[in-house]
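**Q** Shown below is the structure under consideration.
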Amino acid sequence: MLAPPRTVVRREAGLYALEQALQRRGFRHVAGADEAGRGACAGPLVAAAAILPEGRRGEIPGLADSKLLTPAARERVYEQVVAKALAWSVMIIPPTEVDARGLHVCNLAAMRRALASLTVRPEYVLTDGFPVDGLGVPGLAVWKGDRVAACVAAASVLAKVTRDRLMVELDEKFPAYGFAVHKGYITEEHSTALTTHGPCSEHRFSYVNVAAASGRGNRPPRARRPASSPAPSLFDDVSVTEPLLILQAPEGTVGVASGEQPQPLPSVGEDSAMEGEKR
């Protein structure tokens with residue numbers, strides 16, 4: 001029996017070429033998944049998934065890796081993704097869960113839940129960098145997938161815009177840190193605020209710089225966060241259920257959980273030590 005011909009997709013073929021190749025092979029609904037906030041030392045980790053329509057209906061003007069877009073362009077593309085996507089979902093993981101479970105575990109779990117929460121079942125899944133197992137459909141981890149596949153780029157915009165909006169809200173609650181400006185990433189301004197004020201509840205105490213500013217750097221990463229009341233966990237329920245919070249129309253869901261590409265980790269993160277990751 002002859003094997004099917006090999007499909008070659010070149011990067012210069014454009015952002016939609018990979019999905020179109022998969023659709024020609026019979027995978028009509030191709031989902032992309034991505035995250036935002038992995039390198040930040042404050043604020044939530046946000047993962048998103050999206051399925052775009054086939055053909056011209058799924059083309060979105062200006063769609064690109066969210067990191068390459070200006071804030072205004074991201075907002076415009078976000079509205080187009082929400083309007084055009086066959087299905088989309090967003091999962092929000094607070095820093096308490098990142099500290100309790102580890103960054104990489106939370107990253108994979110959040111992408112898995114975002115994909116499982118899509119109201120249209122994907123037939124193929126593309127993820128940015130890390131493979132996500134347990135989906136029940138074939139998938140491919142694509143290096144810099146948000147610059148290669150339109151559905152992954154769409155997911156990256158959903159995740160980034162959602163997280164940026166949350167950080168602006170947190171800036172109103174914690175104005176001393178400048179969250180609205182640096183979005184929780186490690187800048188000189190943020191580091192100065194950490195040194196001056198110490199960390200707040202939205203910081204990730206498992207990160208070296210936050211632990212040092214809190215005076216708890218001598219403790220294991222998962223024991224650095226001060227004791228507080230436990231919140232609902234993304235890991236409490238492994239079945240696919242309704243997200244905990246619905247904020248959009250039925251074709252898009254936003255789930256909130258308390259506390260899962262390869263991208264270089266910031267020097268202040270301790271995910272490798274916590275999870276035994278090899279990079």
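Chains: A, B, ... in order of the structure tokens. Residues: from 1 per chain. Ligands: from 1, in order shown.
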Per residue of stretch 128-244 of chain A within 6 Å of stretch 44-54 of chain A, note the shortest atom pair and the distance in Å to one decimal, counting only C-alpha atoms, and order the rows by chain and increasing residue number, as a tab-separated table.
**A**
residue	atom	partner	partner_atom	distance
A:Cys151	CA	A:Ala50	CA	5.9
A:Ala155	CA	A:Ala49	CA	5.0
A:Ala159	CA	A:Ala48	CA	5.2
**Q** Keeping N, CA, C and O atoms, export the residues of the selection given above as a compact mmCIF listing (two decimals), in the first residue's frame.
**A**
# COMPACT_ATOMS: atom_id res chain seq x y z
N CYS A 151 -4.35 30.27 13.12
CA CYS A 151 -5.15 29.95 14.30
C CYS A 151 -4.34 30.13 15.58
O CYS A 151 -4.89 30.54 16.62
N ALA A 155 -5.05 32.84 18.58
CA ALA A 155 -5.05 32.49 20.00
C ALA A 155 -4.10 33.39 20.78
O ALA A 155 -4.39 33.80 21.91
N ALA A 159 -5.16 35.75 23.96
CA ALA A 159 -4.51 35.62 25.27
C ALA A 159 -3.86 36.93 25.69
O ALA A 159 -3.99 37.37 26.85
**Q** Determine which residues of stretch 21-149 of chain A receive a DSSP assignment of strand (DSSP E or B), computed from the backbone, and state them as a PyMOL selection string.
**A** chain A and resi 30-36+42+45-51+87-93+124-128+139-142
**Q** Give me the residues near stretch 207-216 of chain A as an NGL selection string, where near means some atom within 10 Å (using only C-alpha atoms) and where sequence neighbours in that chain fewer than 4 positions away do not count.
**A** :A and (40-42 or 98-99 or 103 or 186 or 191 or 193-200 or 203 or 220-226 or 266-271)
**Q** Compare A:Thr187, A:Thr162, A:Asn218, A:Thr127 by their minimum atom-to-atom distance to A:Pro71, counting only C-alpha atoms, and give me the closest one.
**A**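 Using only C-alpha atoms, the shortest distance to A:Pro71 belongs to A:Thr162.
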**Q** Suppose you want the space between atom CA of A:Leu68 and atom CA of A:Ala85; what is it in Å?
**A**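 Calculated distance between atom CA of A:Leu68 and atom CA of A:Ala85 is 20.8 Å.
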